[in-house]
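Report on the following structure.
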Amino acid sequence: MSVWDDIADDATEAENLKLRAALIRAIRSRVDEIGWSQTAAAQNLGITQPRLSDVYRGKISKFSLDALVEIASKLGIHVRIEVEPDFAVPNGM
């Protein structure tokens, strides 16, 4: 069980939160690695500085998976999804 499991309403939401959190960490790490200021990073990524600030503050609820994947892609981060069946769920439901 994770912190995401504790705050999410259901397992689906918990998985989504975990994925968005991982993307936010990767984006922050890559921007820091490049050495951009938030202003420069925002300009290069085609987003506003306040939007990038939301990434840095971990405002997960402000971002969809699609939005984070788009930002990550612009930073050269390749996102791979690994699908594992949950055999504990009856009939795969």
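Each chain of the structure tokens is named A, B, ... in the order shown, its residues numbered from 1; ligands are numbered from 1 in display order.
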Exercise for the section: Would you mind writing down, as JSON, numbers by chain, each residue of chain A that DSSP on the backbone assigns to helix (DSSP H, G or I)? Expected result: {"A": [3, 4, 5, 6, 7, 11, 12, 13, 14, 15, 16, 17, 18, 19, 20, 21, 22, 23, 24, 25, 26, 27, 28, 29, 30, 31, 32, 33, 34, 38, 39, 40, 41, 42, 43, 44, 45, 49, 50, 51, 52, 53, 54, 55, 56, 60, 61, 62, 65, 66, 67, 68, 69, 70, 71, 72, 73, 74, 90, 91, 92]}
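Coordinates place atom CA of Thr12 of chain A at a distance of 27.3 Å from atom CA of Leu75 of chain A.
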Completion exercise
Separating atom CA of Leu17 of chain A from atom CA of Gly76 of chain A, to the nearest tenth of an Å, is a gap of 22.0 Å
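Between atom CA of Leu65 of chain A and atom CA of Glu15 of chain A lies a distance of 11.1 Å.
Residue nearest Arg30 of chain A within the list A:Ala88, A:Ile77, A:Ile60, A:Val69: A:Ile77 [criterion: smallest interatomic distance, only C-alpha atoms].
Using only C-alpha atoms, the shortest contact distance between Arg51 of chain A and any of A:Leu68, A:Ile34, A:Leu23, A:Val83 is found at A:Leu68.
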